[in-house]
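Everything below concerns the one structure shown next.
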2 protein chains.
Amino acid sequence: MTFIEQLRQRWQAGTQVCVGLDPFLDRFPARFEGDNLAIFHFNRDIIDATADLVCCFKPQFAHYAAVEAEAELKATIRYIKDVHPDLPVILDSKRGDIGSTAGMYAREAFEHYGADAVTVNPYMGSDTVLPFAEHADKGVILLCRTSNPSAAEFQNLEIDGEPLYIHVARRAQQHWNANGNISLVVGATAPEEMARIRDVAPDLPFLVPGIGAQGGDLEGTVRNGQTAPGEGLMINSSRGVLYASQGEDFAEAAREEALKLRDRIRALSGV
Amino acid sequence: MTFIEQLRQRWQAGTQVCVGLDPFLDRFPARFEGDNLAIFHFNRDIIDATADLVCCFKPQFAHYAAVEAEAELKATIRYIKDVHPDLPVILDSKRGDIGSTAGMYAREAFEHYGADAVTVNPYMGSDTVLPFAEHADKGVILLCRTSNPSAAEFQNLEIDGEPLYIHVARRAQQHWNANGNISLVVGATAPEEMARIRDVAPDLPFLVPGIGAQGGDLEGTVRNGQTAPGEGLMINSSRGVLYASQGEDFAEAAREEALKLRDRIRALSGV
């Protein structure tokens with residue numbers, strides 16, 4: 001099954017929640033102290049506690065690379081594929097290079113780490129995107145309008161009356177989606193921008209960061225981002241789920257948060 | 001010494017050549033067959049053969065990650081720092097994320113891999129750049145006008161009469177260079193664009209890809225890119241040096257190519 005087919009199946013199962021696996025060792029519960037596979041074991045507990053509530057998992061590469069835990073990243077993805085094979089995994093590494101080098105990053109994400117999809121930065125254009133997109137069964141999720149405070153510095157600059165992010169979205173929809181495997185990153189902090197992007201990219205799934213600490217607008221996201229009731233979105237929560245409790249009940253607390261988020265989205269989604 | 005101080009010292013020693021360490025196992029000489037540290041050993045020979053001719057080395061991350069050779073990347077950088085301590089190392093990983101995540105990528109590049117500088121994608125704005133730039137002794141090299149065929153798709157879009165790459169260059173010069181540690185990637189395939197960028201970013205070093213297979217313009221690069229005779233540029237050659245010969249004379253052939261390139265640049269530079 002392709003990334004998009006897996007994603008659709010999870011939407012049909014009633015969830016548009018993505019859980020971001022961003023390990024912070026110093027926020028782990030006490031039980032992981034002295035465990036030299038703490039990251040993998042923590043992830044495993046979170047995954048098992050939330051798998052039936054999510055449409056995908058999204059490990060963020062830097063959190064592993066910074067602490068030399070690439071092996072635990074690989075083990076985490078392998079665990080999901082083995083134990084929860086219905087769930088697609090997005091490697092959030094925001095790769096961006098060209099030609100054969102982009103092809104090597106595709107190999108890194110899809111072969112070495114075994115991910116089903118990868119986030120990609122489109123600043124260098126088609127030469128970056130197409131070497132990923134030619135892997136027709138894999139997902140390619142392009143930064144379009146991100147959720148961070150400085151996103152607008154370049155992304156909102158107006159070109160012929162339309163902001164840069166609209167040019168990115170239109171090219172993604174019209175030129176890069178031949179295999180039907182392109183998605184866009186659109187932040188929950190920019191619901192008006194999301195509506196404009198949905199207009200020019202009616203089919204593309206949106207990966208939505210910015211719910212939680214960044215103060216994103218969940219209601220506006222669901223209203224402006226869905227392609228149909230219950231479809232079109234991967235709404236990410238990382239810290240809000242992972243660190244809902246730092247006590248021994250962390251996995252139950254994570255499940256409770258994921259469940260709350262899933263149900264808030266369902267209530268807003270018109271399913 | 002900071003990255004920029006090291007670079008200046010190398011410019012004063014008469015070279016603006018950067019050798020890119022992009023290993024392709026299938027282009028290695030026969031002697032490396034069956035060597036399970038082939039990448040590291042090949043790099044070591046290239047480094048020793050060219051160190052006195054270059055201003056920096058630039059390993060490209062994907063070439064290591066795709067073949068699970070992160071340990072050899074680390075060993076390569078460590079080798080340069082140990083044996084050729086005057087030479088700065090750029091980790092060409094084109095990272096781009098925000099806030100604490102960008103901070104983790106900085107940690108990956110500067111602590112885990114021990115690089116002196118890293119390439120960064122500015123699409124997400126200040127939130128991406130500043131967590132790298134606060135490492136005042138390290139270099140932060142921002143994609144500005146890249147050398148690839150599709151670079152113009154977004155980078156050349158006109159905003160208020162100026163292309164996007166000029167907006168990036170101006171922000172880099174005016175807002176992000178408080179520590180004097182910002183450089184820009186400007187392709188040799190776009191010498192006119194390089195002249196425009198030099199106008200708005202008079203101080204920033206340029207890392208210049210695109211010489212060689214991409215058909216970049218070396219004369220235009222030196223004329224339009226230098227900040228002073230013999231200064232301002234890191235002109236990259238990867239495959240042209242590394243695979244000048246695939247025979248047993250590969251290291252001598254690499255040295256010869258690096259020497260030719262250094263001397264061509266010197267002849268053009270007005271030193």
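The chains in the structure tokens are called A, B, ... from first to last as shown; in each chain the residues are counted from 1, and the ligands are counted from 1 in the order shown.
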
Residues of chain A within 6 Å of chain B, only C-alpha atoms counted, as a list in words: Ala62, Ala65, Ala66, Met104, Tyr105, Arg107, Glu108, Met124, Gly125, Ser126, Asp127, Ser150, Ala151, Glu153 and Ile159 of chain A

For the selection just defined, write its residues with N, CA, C and O atoms to a file, as an mmCIF file, in the first residue's frame.
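Saved as selection-v1.cif:
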data_model
loop_
_atom_site.group_PDB
_atom_site.id
_atom_site.type_symbol
_atom_site.label_atom_id
_atom_site.label_comp_id
_atom_site.auth_asym_id
_atom_site.auth_seq_id
_atom_site.Cartn_x
_atom_site.Cartn_y
_atom_site.Cartn_z
ATOM 1 N N ALA A 62 16.224 15.728 13.826
ATOM 2 C CA ALA A 62 17.240 16.439 14.618
ATOM 3 C C ALA A 62 17.304 15.943 16.060
ATOM 4 O O ALA A 62 18.378 15.916 16.659
ATOM 5 N N ALA A 65 19.560 12.944 15.789
ATOM 6 C CA ALA A 65 20.926 13.214 15.326
ATOM 7 C C ALA A 65 21.735 13.987 16.372
ATOM 8 O O ALA A 65 22.936 13.760 16.523
ATOM 9 N N ALA A 66 21.081 14.902 17.081
ATOM 10 C CA ALA A 66 21.803 15.747 18.041
ATOM 11 C C ALA A 66 22.385 14.930 19.189
ATOM 12 O O ALA A 66 23.370 15.336 19.803
ATOM 13 N N MET A 104 19.933 10.516 -3.007
ATOM 14 C CA MET A 104 20.559 9.878 -1.841
ATOM 15 C C MET A 104 19.776 10.156 -0.568
ATOM 16 O O MET A 104 19.697 9.302 0.315
ATOM 17 N N TYR A 105 19.228 11.366 -0.452
ATOM 18 C CA TYR A 105 18.385 11.634 0.716
ATOM 19 C C TYR A 105 17.102 10.797 0.674
ATOM 20 O O TYR A 105 16.584 10.387 1.719
ATOM 21 N N ARG A 107 16.991 7.827 -0.549
ATOM 22 C CA ARG A 107 17.462 6.519 -0.110
ATOM 23 C C ARG A 107 17.613 6.484 1.416
ATOM 24 O O ARG A 107 17.247 5.503 2.076
ATOM 25 N N GLU A 108 18.174 7.563 1.964
ATOM 26 C CA GLU A 108 18.315 7.665 3.420
ATOM 27 C C GLU A 108 16.955 7.472 4.104
ATOM 28 O O GLU A 108 16.806 6.666 5.021
ATOM 29 N N MET A 124 15.005 25.005 -3.698
ATOM 30 C CA MET A 124 15.821 24.777 -4.899
ATOM 31 C C MET A 124 14.995 24.266 -6.089
ATOM 32 O O MET A 124 15.565 23.954 -7.142
ATOM 33 N N GLY A 125 13.688 24.147 -5.931
ATOM 34 C CA GLY A 125 12.812 23.836 -7.054
ATOM 35 C C GLY A 125 12.721 22.358 -7.423
ATOM 36 O O GLY A 125 13.036 21.469 -6.622
ATOM 37 N N SER A 126 12.287 22.105 -8.655
ATOM 38 C CA SER A 126 12.007 20.750 -9.150
ATOM 39 C C SER A 126 13.159 19.777 -8.947
ATOM 40 O O SER A 126 12.934 18.587 -8.692
ATOM 41 N N ASP A 127 14.389 20.267 -9.106
ATOM 42 C CA ASP A 127 15.551 19.376 -8.961
ATOM 43 C C ASP A 127 15.612 18.748 -7.573
ATOM 44 O O ASP A 127 16.223 17.698 -7.381
ATOM 45 N N SER A 150 8.689 33.481 12.067
ATOM 46 C CA SER A 150 9.362 34.144 10.943
ATOM 47 C C SER A 150 9.006 33.537 9.579
ATOM 48 O O SER A 150 9.614 33.890 8.569
ATOM 49 N N ALA A 151 8.030 32.657 9.549
ATOM 50 C CA ALA A 151 7.669 32.002 8.281
ATOM 51 C C ALA A 151 7.361 33.027 7.195
ATOM 52 O O ALA A 151 7.696 32.844 6.020
ATOM 53 N N GLU A 153 8.600 35.900 6.563
ATOM 54 C CA GLU A 153 9.707 36.722 6.034
ATOM 55 C C GLU A 153 9.905 36.512 4.538
ATOM 56 O O GLU A 153 10.053 37.464 3.781
ATOM 57 N N ILE A 159 4.420 38.048 -5.101
ATOM 58 C CA ILE A 159 4.942 37.971 -6.467
ATOM 59 C C ILE A 159 3.749 37.969 -7.410
ATOM 60 O O ILE A 159 2.920 37.050 -7.343
#

Select from segment 46-213 of chain B everything DSSP, run on the backbone, classes as strand (DSSP E), then give the selection as a PDB file with N, CA, C and O atoms, in the first residue's frame.
ATOM      1  N   CYS B  56      39.177  25.054   2.226  1.00  0.00           N
ATOM      2  CA  CYS B  56      38.283  24.299   3.103  1.00  0.00           C
ATOM      3  C   CYS B  56      37.928  22.974   2.428  1.00  0.00           C
ATOM      4  O   CYS B  56      38.102  22.806   1.230  1.00  0.00           O
ATOM      5  N   PHE B  57      37.441  22.048   3.255  1.00  0.00           N
ATOM      6  CA  PHE B  57      36.850  20.805   2.743  1.00  0.00           C
ATOM      7  C   PHE B  57      35.353  20.819   3.043  1.00  0.00           C
ATOM      8  O   PHE B  57      34.909  21.417   4.029  1.00  0.00           O
ATOM      9  N   LYS B  58      34.607  20.137   2.166  1.00  0.00           N
ATOM     10  CA  LYS B  58      33.144  20.162   2.328  1.00  0.00           C
ATOM     11  C   LYS B  58      32.548  18.771   2.081  1.00  0.00           C
ATOM     12  O   LYS B  58      32.198  18.431   0.965  1.00  0.00           O
ATOM     13  N   PRO B  59      32.461  17.946   3.121  1.00  0.00           N
ATOM     14  CA  PRO B  59      31.738  16.681   2.955  1.00  0.00           C
ATOM     15  C   PRO B  59      30.235  16.935   2.806  1.00  0.00           C
ATOM     16  O   PRO B  59      29.672  17.774   3.505  1.00  0.00           O
ATOM     17  N   ILE B  90      33.327  22.327   6.218  1.00  0.00           N
ATOM     18  CA  ILE B  90      31.913  22.671   6.064  1.00  0.00           C
ATOM     19  C   ILE B  90      31.115  21.384   5.958  1.00  0.00           C
ATOM     20  O   ILE B  90      31.369  20.565   5.072  1.00  0.00           O
ATOM     21  N   LEU B  91      30.145  21.198   6.858  1.00  0.00           N
ATOM     22  CA  LEU B  91      29.223  20.077   6.697  1.00  0.00           C
ATOM     23  C   LEU B  91      28.086  20.540   5.789  1.00  0.00           C
ATOM     24  O   LEU B  91      27.294  21.413   6.153  1.00  0.00           O
ATOM     25  N   ASP B  92      28.035  19.973   4.585  1.00  0.00           N
ATOM     26  CA  ASP B  92      27.031  20.400   3.604  1.00  0.00           C
ATOM     27  C   ASP B  92      25.796  19.524   3.768  1.00  0.00           C
ATOM     28  O   ASP B  92      25.640  18.496   3.115  1.00  0.00           O
ATOM     29  N   SER B  93      24.933  19.939   4.688  1.00  0.00           N
ATOM     30  CA  SER B  93      23.740  19.133   4.976  1.00  0.00           C
ATOM     31  C   SER B  93      22.467  19.920   4.720  1.00  0.00           C
ATOM     32  O   SER B  93      21.377  19.379   4.829  1.00  0.00           O
ATOM     33  N   LYS B  94      22.574  21.197   4.385  1.00  0.00           N
ATOM     34  CA  LYS B  94      21.419  22.030   4.016  1.00  0.00           C
ATOM     35  C   LYS B  94      20.276  21.858   5.004  1.00  0.00           C
ATOM     36  O   LYS B  94      19.128  21.664   4.615  1.00  0.00           O
ATOM     37  N   ARG B  95      20.598  21.971   6.273  1.00  0.00           N
ATOM     38  CA  ARG B  95      19.574  21.821   7.297  1.00  0.00           C
ATOM     39  C   ARG B  95      18.643  23.017   7.282  1.00  0.00           C
ATOM     40  O   ARG B  95      19.055  24.135   6.904  1.00  0.00           O
ATOM     41  N   ALA B 117      31.505  24.744   9.996  1.00  0.00           N
ATOM     42  CA  ALA B 117      30.444  25.496   9.329  1.00  0.00           C
ATOM     43  C   ALA B 117      29.423  24.496   8.791  1.00  0.00           C
ATOM     44  O   ALA B 117      29.732  23.309   8.635  1.00  0.00           O
ATOM     45  N   VAL B 118      28.222  25.011   8.512  1.00  0.00           N
ATOM     46  CA  VAL B 118      27.159  24.142   8.011  1.00  0.00           C
ATOM     47  C   VAL B 118      26.331  24.919   6.988  1.00  0.00           C
ATOM     48  O   VAL B 118      26.190  26.138   7.103  1.00  0.00           O
ATOM     49  N   THR B 119      25.831  24.222   5.978  1.00  0.00           N
ATOM     50  CA  THR B 119      24.931  24.871   5.021  1.00  0.00           C
ATOM     51  C   THR B 119      23.500  24.792   5.552  1.00  0.00           C
ATOM     52  O   THR B 119      23.102  23.791   6.153  1.00  0.00           O
ATOM     53  N   VAL B 120      22.739  25.871   5.335  1.00  0.00           N
ATOM     54  CA  VAL B 120      21.400  26.011   5.921  1.00  0.00           C
ATOM     55  C   VAL B 120      20.452  26.582   4.861  1.00  0.00           C
ATOM     56  O   VAL B 120      20.828  27.465   4.086  1.00  0.00           O
ATOM     57  N   GLY B 139      30.630  28.899  11.132  1.00  0.00           N
ATOM     58  CA  GLY B 139      30.107  29.504   9.926  1.00  0.00           C
ATOM     59  C   GLY B 139      28.710  28.977   9.590  1.00  0.00           C
ATOM     60  O   GLY B 139      28.424  27.795   9.798  1.00  0.00           O
ATOM     61  N   VAL B 140      27.857  29.869   9.097  1.00  0.00           N
ATOM     62  CA  VAL B 140      26.507  29.502   8.679  1.00  0.00           C
ATOM     63  C   VAL B 140      26.363  29.938   7.225  1.00  0.00           C
ATOM     64  O   VAL B 140      26.445  31.130   6.914  1.00  0.00           O
ATOM     65  N   ILE B 141      26.197  28.969   6.339  1.00  0.00           N
ATOM     66  CA  ILE B 141      26.265  29.235   4.902  1.00  0.00           C
ATOM     67  C   ILE B 141      24.889  29.008   4.306  1.00  0.00           C
ATOM     68  O   ILE B 141      24.408  27.871   4.206  1.00  0.00           O
ATOM     69  N   LEU B 142      24.215  30.108   3.945  1.00  0.00           N
ATOM     70  CA  LEU B 142      22.802  30.059   3.558  1.00  0.00           C
ATOM     71  C   LEU B 142      22.632  29.880   2.062  1.00  0.00           C
ATOM     72  O   LEU B 142      23.251  30.600   1.268  1.00  0.00           O
ATOM     73  N   LEU B 143      21.739  28.983   1.672  1.00  0.00           N
ATOM     74  CA  LEU B 143      21.353  28.874   0.269  1.00  0.00           C
ATOM     75  C   LEU B 143      20.779  30.215  -0.162  1.00  0.00           C
ATOM     76  O   LEU B 143      19.887  30.755   0.486  1.00  0.00           O
ATOM     77  N   CYS B 144      21.302  30.764  -1.247  1.00  0.00           N
ATOM     78  CA  CYS B 144      20.823  32.063  -1.721  1.00  0.00           C
ATOM     79  C   CYS B 144      20.403  31.892  -3.180  1.00  0.00           C
ATOM     80  O   CYS B 144      19.227  31.817  -3.498  1.00  0.00           O
ATOM     81  N   ARG B 145      21.400  31.802  -4.100  1.00  0.00           N
ATOM     82  CA  ARG B 145      21.079  31.519  -5.516  1.00  0.00           C
ATOM     83  C   ARG B 145      21.882  30.277  -5.880  1.00  0.00           C
ATOM     84  O   ARG B 145      23.093  30.362  -6.101  1.00  0.00           O
ATOM     85  N   GLU B 158      10.258  37.655  -8.893  1.00  0.00           N
ATOM     86  CA  GLU B 158      10.488  39.082  -8.607  1.00  0.00           C
ATOM     87  C   GLU B 158       9.492  39.614  -7.573  1.00  0.00           C
ATOM     88  O   GLU B 158       8.282  39.487  -7.732  1.00  0.00           O
ATOM     89  N   ILE B 159      10.024  40.225  -6.550  1.00  0.00           N
ATOM     90  CA  ILE B 159       9.224  40.828  -5.482  1.00  0.00           C
ATOM     91  C   ILE B 159       9.633  42.286  -5.373  1.00  0.00           C
ATOM     92  O   ILE B 159      10.807  42.563  -5.081  1.00  0.00           O
ATOM     93  N   GLU B 162      12.689  43.030  -7.290  1.00  0.00           N
ATOM     94  CA  GLU B 162      13.941  42.316  -6.997  1.00  0.00           C
ATOM     95  C   GLU B 162      13.660  40.842  -6.769  1.00  0.00           C
ATOM     96  O   GLU B 162      12.682  40.494  -6.108  1.00  0.00           O
ATOM     97  N   PRO B 163      14.541  39.972  -7.271  1.00  0.00           N
ATOM     98  CA  PRO B 163      14.289  38.543  -7.103  1.00  0.00           C
ATOM     99  C   PRO B 163      14.427  38.105  -5.644  1.00  0.00           C
ATOM    100  O   PRO B 163      15.107  38.758  -4.845  1.00  0.00           O
ATOM    101  N   ILE B 182      28.103  34.781   8.708  1.00  0.00           N
ATOM    102  CA  ILE B 182      27.198  34.320   7.646  1.00  0.00           C
ATOM    103  C   ILE B 182      27.937  34.317   6.303  1.00  0.00           C
ATOM    104  O   ILE B 182      28.669  35.259   5.978  1.00  0.00           O
ATOM    105  N   SER B 183      27.722  33.259   5.530  1.00  0.00           N
ATOM    106  CA  SER B 183      28.156  33.181   4.138  1.00  0.00           C
ATOM    107  C   SER B 183      26.937  32.808   3.301  1.00  0.00           C
ATOM    108  O   SER B 183      25.880  32.473   3.843  1.00  0.00           O
ATOM    109  N   LEU B 184      27.088  32.876   1.965  1.00  0.00           N
ATOM    110  CA  LEU B 184      25.989  32.553   1.063  1.00  0.00           C
ATOM    111  C   LEU B 184      26.427  31.526   0.021  1.00  0.00           C
ATOM    112  O   LEU B 184      27.568  31.569  -0.452  1.00  0.00           O
ATOM    113  N   VAL B 185      25.505  30.648  -0.347  1.00  0.00           N
ATOM    114  CA  VAL B 185      25.721  29.761  -1.490  1.00  0.00           C
ATOM    115  C   VAL B 185      25.259  30.493  -2.745  1.00  0.00           C
ATOM    116  O   VAL B 185      24.081  30.886  -2.847  1.00  0.00           O
ATOM    117  N   VAL B 186      26.177  30.700  -3.684  1.00  0.00           N
ATOM    118  CA  VAL B 186      25.858  31.376  -4.940  1.00  0.00           C
ATOM    119  C   VAL B 186      26.512  30.564  -6.060  1.00  0.00           C
ATOM    120  O   VAL B 186      27.738  30.421  -6.100  1.00  0.00           O
ATOM    121  N   PHE B 206      31.214  33.793  -0.312  1.00  0.00           N
ATOM    122  CA  PHE B 206      30.327  32.967  -1.140  1.00  0.00           C
ATOM    123  C   PHE B 206      30.915  31.562  -1.262  1.00  0.00           C
ATOM    124  O   PHE B 206      32.088  31.412  -1.636  1.00  0.00           O
ATOM    125  N   LEU B 207      30.094  30.576  -0.986  1.00  0.00           N
ATOM    126  CA  LEU B 207      30.411  29.189  -1.334  1.00  0.00           C
ATOM    127  C   LEU B 207      29.830  28.944  -2.715  1.00  0.00           C
ATOM    128  O   LEU B 207      28.622  29.131  -2.918  1.00  0.00           O
ATOM    129  N   VAL B 208      30.681  28.558  -3.662  1.00  0.00           N
ATOM    130  CA  VAL B 208      30.289  28.534  -5.072  1.00  0.00           C
ATOM    131  C   VAL B 208      30.312  27.116  -5.637  1.00  0.00           C
ATOM    132  O   VAL B 208      31.379  26.584  -5.964  1.00  0.00           O
TER     133      VAL B 208
END

Residue list (alpha helix (DSSP H), DSSP) for segment 84-188 of chain B, as a ChimeraX atom specification: /B:99-107,126-133,152-155,164-175
